[in-house]
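Taking it in order: structure first as structure tokens, then the write-up.
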Amino acid sequence: MSNDIPEDGMDPAYLKKAYKTFRKRLRLMRLDAESTLGSSALSGGRQSGIVAIRPPNNFPQEVWDKLVETGKLRTEGMGLYELVEDPTSKKKGSNDIYDK
């Protein structure tokens, strides 16, 4: 991918693409950390402790600053960013019967 910034600034489609790329990279980093040796397949594995990553450099810094400004990401310092979870959104597959 190239650093092709739209001429009209940060349009929503470009920000959405950057956000989607960030989420995918974070998910892959977590999967990579969880699949290392030392966690037995029979023990149920272990959870990754990765919550923040460096954003992909396919997009300029202004994009990540704009996503922080809009509330999609949170900066953790030293160039790391974290997803901001919406507390009102439900996880896929959640069951209201057991949530009460």
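So you can find residues: chains in the structure tokens are A, B, ... in the order shown, residues in each start at 1, and ligands are numbered from 1 in order.
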With region 43-67 of chain A as the partner and 8 Å as the cut-off, tabulate the residues of region 7-35 of chain A that qualify, each row holding the nearest pair of atoms and their distance in Å to one decimal, using only C-alpha atoms, sorted by chain and rising number, as CSV.
residue,atom,partner,partner_atom,distance
A:Met10,CA,A:Val63,CA,7.2
A:Leu15,CA,A:Val63,CA,6.6
A:Ala18,CA,A:Phe59,CA,6.8
A:Tyr19,CA,A:Leu67,CA,7.6
A:Thr21,CA,A:Pro56,CA,7.5
A:Phe22,CA,A:Pro55,CA,6.2
A:Arg25,CA,A:Pro56,CA,7.6
A:Leu26,CA,A:Ile53,CA,6.7
A:Met29,CA,A:Ile50,CA,7.6
A:Arg30,CA,A:Ser48,CA,5.7
A:Leu31,CA,A:Ser48,CA,7.7
A:Ala33,CA,A:Ser48,CA,6.0
A:Glu34,CA,A:Ser48,CA,5.5
